Amino acid sequence: MPSQTTLFQTMQNSTNGISLAALLEQHPEIPRRTAQRWIKQWIENEKIHATGKGPARRYFFGKAPSSGLTSDNNFNIPLSADSKDILAYIAQPVEARKPVGYQQDFLESYQPNKTWYLPETLRRQLRKMGGTPQTKMPAGTYGRAIINRLLIDLSWASSHLEGNTYSLLDTRELIENGKAAAGKAAIETQMILNHKTAIELLVDNADSVAFNRFSIMNLHSALSENLLANPADEGRIRQHLVEIGKSVFRPLSVPSQINEMLDLLLDKVNQINDPFEQSFFMMVHLPYLQPFADINKRTSRLSANLPLIKANLCPLTFLGVPDKAYSCAILGVYELTRVELLRDLYVWAYERSTQEYLAIKQDLSEPDPLRLQYREIIKQTVNSVVTDPDQDTLSKIRALLSKQVIESDRNSIEALIIDELRRLHEGVLARYGLRPSQFDQWKKQQNSF
């Protein structure tokens with residue numbers, strides 16, 4: 001049976017757009033009239049947009065851009081003179097801009113803790129905005145305290161920058177209750193859920209996750225699951241040429257060079273002492289390198305949160321960031337290797353993020369020290385109880401705790417685990433390494449909690 005989702009996914013993966021003829025060539029099982037009907041509906045719902053006429057007509061994923069870029073600052077974001085220069089250049093038609101390849105010197109000339117994209121005064125300002133009472137606590141303490149809000153805000157805002165049409169309310173319903181929004185394409189639902197998984201990976205492993213190949217590749221794998229035309233590209237360094245839509249920038253195409261520059265990128269970011277400079281460095285250099293077949297910008301946005309989460313600073317959620325402003329800022333990096341516009345956007349976006357989290361930041365109580373100390377044992381025990389529903393729950397908990405928890409703490413940890421089980425729901429299963437089917441089977445066997 002013809003797959004509407006498959007056709008839509010092919011369109012989404014075509015970064016330079018795709019013609020109807022090319023679509024039908026890839027999906028000969030779909031009748032032309034059926035494809036035209038679906039395309040018409042997607043355009044009306046602003047899930048895709050079209051350019052050109054007749055045989056030259058091409059379809060692009062996402063809402064149509066406004067009438068065109070202008071050099072005016074219509075983003076309501078304070079811009080420096082340098083940023084306005086970048087905006088004026090990017091506002092030119094593509095054919096008027098000079099084609100440019102990857103500039104290795106842009107990365108090679110950066111000297112950690114000597115080169116600064118964010119000046120000292122700006123770093124102090126960001127730390128003042130984003131500081132929390134948990135800054136001296138173990139890595140990820142603040143992130144775990146705000147995880148429920150962060151999952152919704154960052155998943156929605158980052159997906160929105162990719163043209164996702166889920167509303168913030170739809171996103172909340174999906175993440176908290178597992179309910180997909182009516183009328184949305186499966187690819188949009190998948191994108192949101194992938195963000196949720198990736199954010200949980202960062203927060204739950206804040207004390208161990210780092211800027212290394214393992215973490216970056218697994219972060220990309222989480223974000224790209226079931227979204228790439230070739231599943232083998234999930235979490236794998238790019239093996240082929242990619243092109244950037246509506247840009248004259250041409251990334252590296254030789255895998256050995258991509259690997260070499262990725263190693264250098266990771267080496268440099270790990271030497272940076274300041275978490276905000278680390279965060280912004282990843283926002284600049286990961287998408288510029290384009291180490292993956294797709295989903296590089298999403299990976300960079302979540303990577304940018306890693307040093308903030310580890311340092312217990314407010315996250316960068318990208319709430320309210322205009323997609324046009326973000327696109328222009330990234331193009332400024334791609335085509336000019338200039339960071340001023342992206343920096344202005346970063347500071348503006350971070351201030352908005354911290355304002356959103358200010359009330360949470362003030363109201364947070366100190367974390368329960370026992371829950372913090374035994375958090376891994378609590379997670380493992382919840383997993384063991386749910387995945388073995390035939391055993392008596394209380395007996396199972398006590399047997400596990402007797403081997404891992406000192407006697408004076410056992411009653412308190414037992415109470416914490418029972419409380420976790422009472423509050424268990426579909427929206428937090430990944431935290432415990434559980435699948436919905438395991439949770440459903442366990443619920444059927446419970447007469448209490």
# chains A, B, ... in the order shown; residues from 1 in each chain; ligands from 1
>>> closest_atom_pairs(of="segment 294-405 of chain A", to="segment 78-98 of chain A", cutoff="12 Å", atoms="only C-alpha atoms", output="tab-separated table")
residue	atom	partner	partner_atom	distance
A:Lys324	CA	A:Leu87	CA	11.0
A:Ala325	CA	A:Leu87	CA	9.2
A:Tyr326	CA	A:Leu87	CA	11.2
A:Ser327	CA	A:Ile90	CA	9.8
A:Cys328	CA	A:Ile90	CA	6.6
A:Ala329	CA	A:Leu87	CA	7.9
A:Ile330	CA	A:Ile90	CA	10.1
A:Leu331	CA	A:Ile90	CA	7.0
A:Gly332	CA	A:Ile86	CA	6.0
A:Val333	CA	A:Ile86	CA	9.3
A:Tyr334	CA	A:Ile90	CA	10.5
A:Glu335	CA	A:Lys98	CA	8.1
A:Leu336	CA	A:Ile86	CA	8.0
A:Thr337	CA	A:Ile86	CA	10.2
A:Arg338	CA	A:Ile86	CA	7.8
A:Val339	CA	A:Ser83	CA	8.4
A:Glu340	CA	A:Ser83	CA	5.3
A:Leu341	CA	A:Ser83	CA	4.4
A:Leu342	CA	A:Ser83	CA	8.2
A:Arg343	CA	A:Ser83	CA	8.8
A:Asp344	CA	A:Leu79	CA	6.2
A:Leu345	CA	A:Leu79	CA	8.3
A:Tyr346	CA	A:Pro78	CA	11.2
A:Val347	CA	A:Pro78	CA	9.7
A:Trp348	CA	A:Pro78	CA	7.7
A:Ala349	CA	A:Pro78	CA	11.1
>>> write_last_selection(atoms="C-alpha atoms", output="PDB file, in the first residue's frame")
ATOM      1  CA  LYS A 324      15.118  32.973   9.898  1.00  0.00           C
ATOM      2  CA  ALA A 325      17.551  34.622  12.325  1.00  0.00           C
ATOM      3  CA  TYR A 326      19.114  31.265  13.186  1.00  0.00           C
ATOM      4  CA  SER A 327      19.433  30.356   9.513  1.00  0.00           C
ATOM      5  CA  CYS A 328      21.162  33.665   8.696  1.00  0.00           C
ATOM      6  CA  ALA A 329      23.543  33.277  11.641  1.00  0.00           C
ATOM      7  CA  ILE A 330      24.548  29.761  10.585  1.00  0.00           C
ATOM      8  CA  LEU A 331      25.007  30.902   6.971  1.00  0.00           C
ATOM      9  CA  GLY A 332      27.341  33.615   8.256  1.00  0.00           C
ATOM     10  CA  VAL A 333      29.528  30.892   9.750  1.00  0.00           C
ATOM     11  CA  TYR A 334      29.311  28.677   6.669  1.00  0.00           C
ATOM     12  CA  GLU A 335      30.043  31.283   4.027  1.00  0.00           C
ATOM     13  CA  LEU A 336      32.148  33.867   5.865  1.00  0.00           C
ATOM     14  CA  THR A 337      33.579  31.943   8.864  1.00  0.00           C
ATOM     15  CA  ARG A 338      32.287  34.810  10.978  1.00  0.00           C
ATOM     16  CA  VAL A 339      30.599  34.267  14.333  1.00  0.00           C
ATOM     17  CA  GLU A 340      29.303  37.711  15.300  1.00  0.00           C
ATOM     18  CA  LEU A 341      25.692  37.205  14.195  1.00  0.00           C
ATOM     19  CA  LEU A 342      25.487  33.767  15.789  1.00  0.00           C
ATOM     20  CA  ARG A 343      27.032  35.206  18.965  1.00  0.00           C
ATOM     21  CA  ASP A 344      24.442  37.983  19.181  1.00  0.00           C
ATOM     22  CA  LEU A 345      21.713  35.399  18.700  1.00  0.00           C
ATOM     23  CA  TYR A 346      23.264  33.066  21.296  1.00  0.00           C
ATOM     24  CA  VAL A 347      23.361  35.772  23.974  1.00  0.00           C
ATOM     25  CA  TRP A 348      19.813  36.923  23.209  1.00  0.00           C
ATOM     26  CA  ALA A 349      18.517  33.342  23.227  1.00  0.00           C
TER      27      ALA A 349
END
>>> select_by_dssp(residues="segment 27-258 of chain A", states="helix (DSSP H, G or I)", output="JSON, numbers by chain")
{"A": [32, 33, 34, 35, 36, 37, 38, 39, 40, 41, 42, 43, 44, 54, 55, 56, 81, 82, 83, 84, 85, 86, 87, 88, 89, 90, 94, 95, 96, 104, 105, 106, 107, 108, 120, 121, 122, 123, 124, 125, 126, 127, 128, 129, 130, 141, 142, 143, 144, 145, 147, 148, 149, 150, 151, 152, 153, 154, 155, 156, 157, 158, 159, 160, 168, 169, 170, 171, 172, 173, 174, 175, 176, 177, 186, 187, 188, 189, 190, 191, 192, 193, 194, 195, 196, 197, 198, 199, 200, 201, 202, 203, 204, 213, 214, 215, 216, 217, 218, 219, 220, 221, 222, 223, 224, 231, 232, 233, 255, 256, 257, 258]}
>>> residues_around(residues="Ile43 of chain A", least_positions_apart="5", cutoff="10 Å", atoms="only C-alpha atoms", output="ChimeraX atom specification")
/A:38,48-50,59-64
>>> write_last_selection(atoms="C-alpha atoms", output="CSV table (one decimal), in the first residue's frame")
chain,number,residue,atom,x,y,z
A,38,TRP,CA,-0.8,14.6,-0.7
A,48,ILE,CA,6.2,21.8,2.8
A,49,HIS,CA,6.6,24.7,0.4
A,50,ALA,CA,7.3,24.9,-3.4
A,59,TYR,CA,9.3,20.9,-3.0
A,60,PHE,CA,11.0,21.7,0.3
A,61,PHE,CA,10.3,20.5,3.8
A,62,GLY,CA,9.0,23.1,6.2
A,63,LYS,CA,7.1,26.4,6.0
A,64,ALA,CA,7.9,28.7,3.2
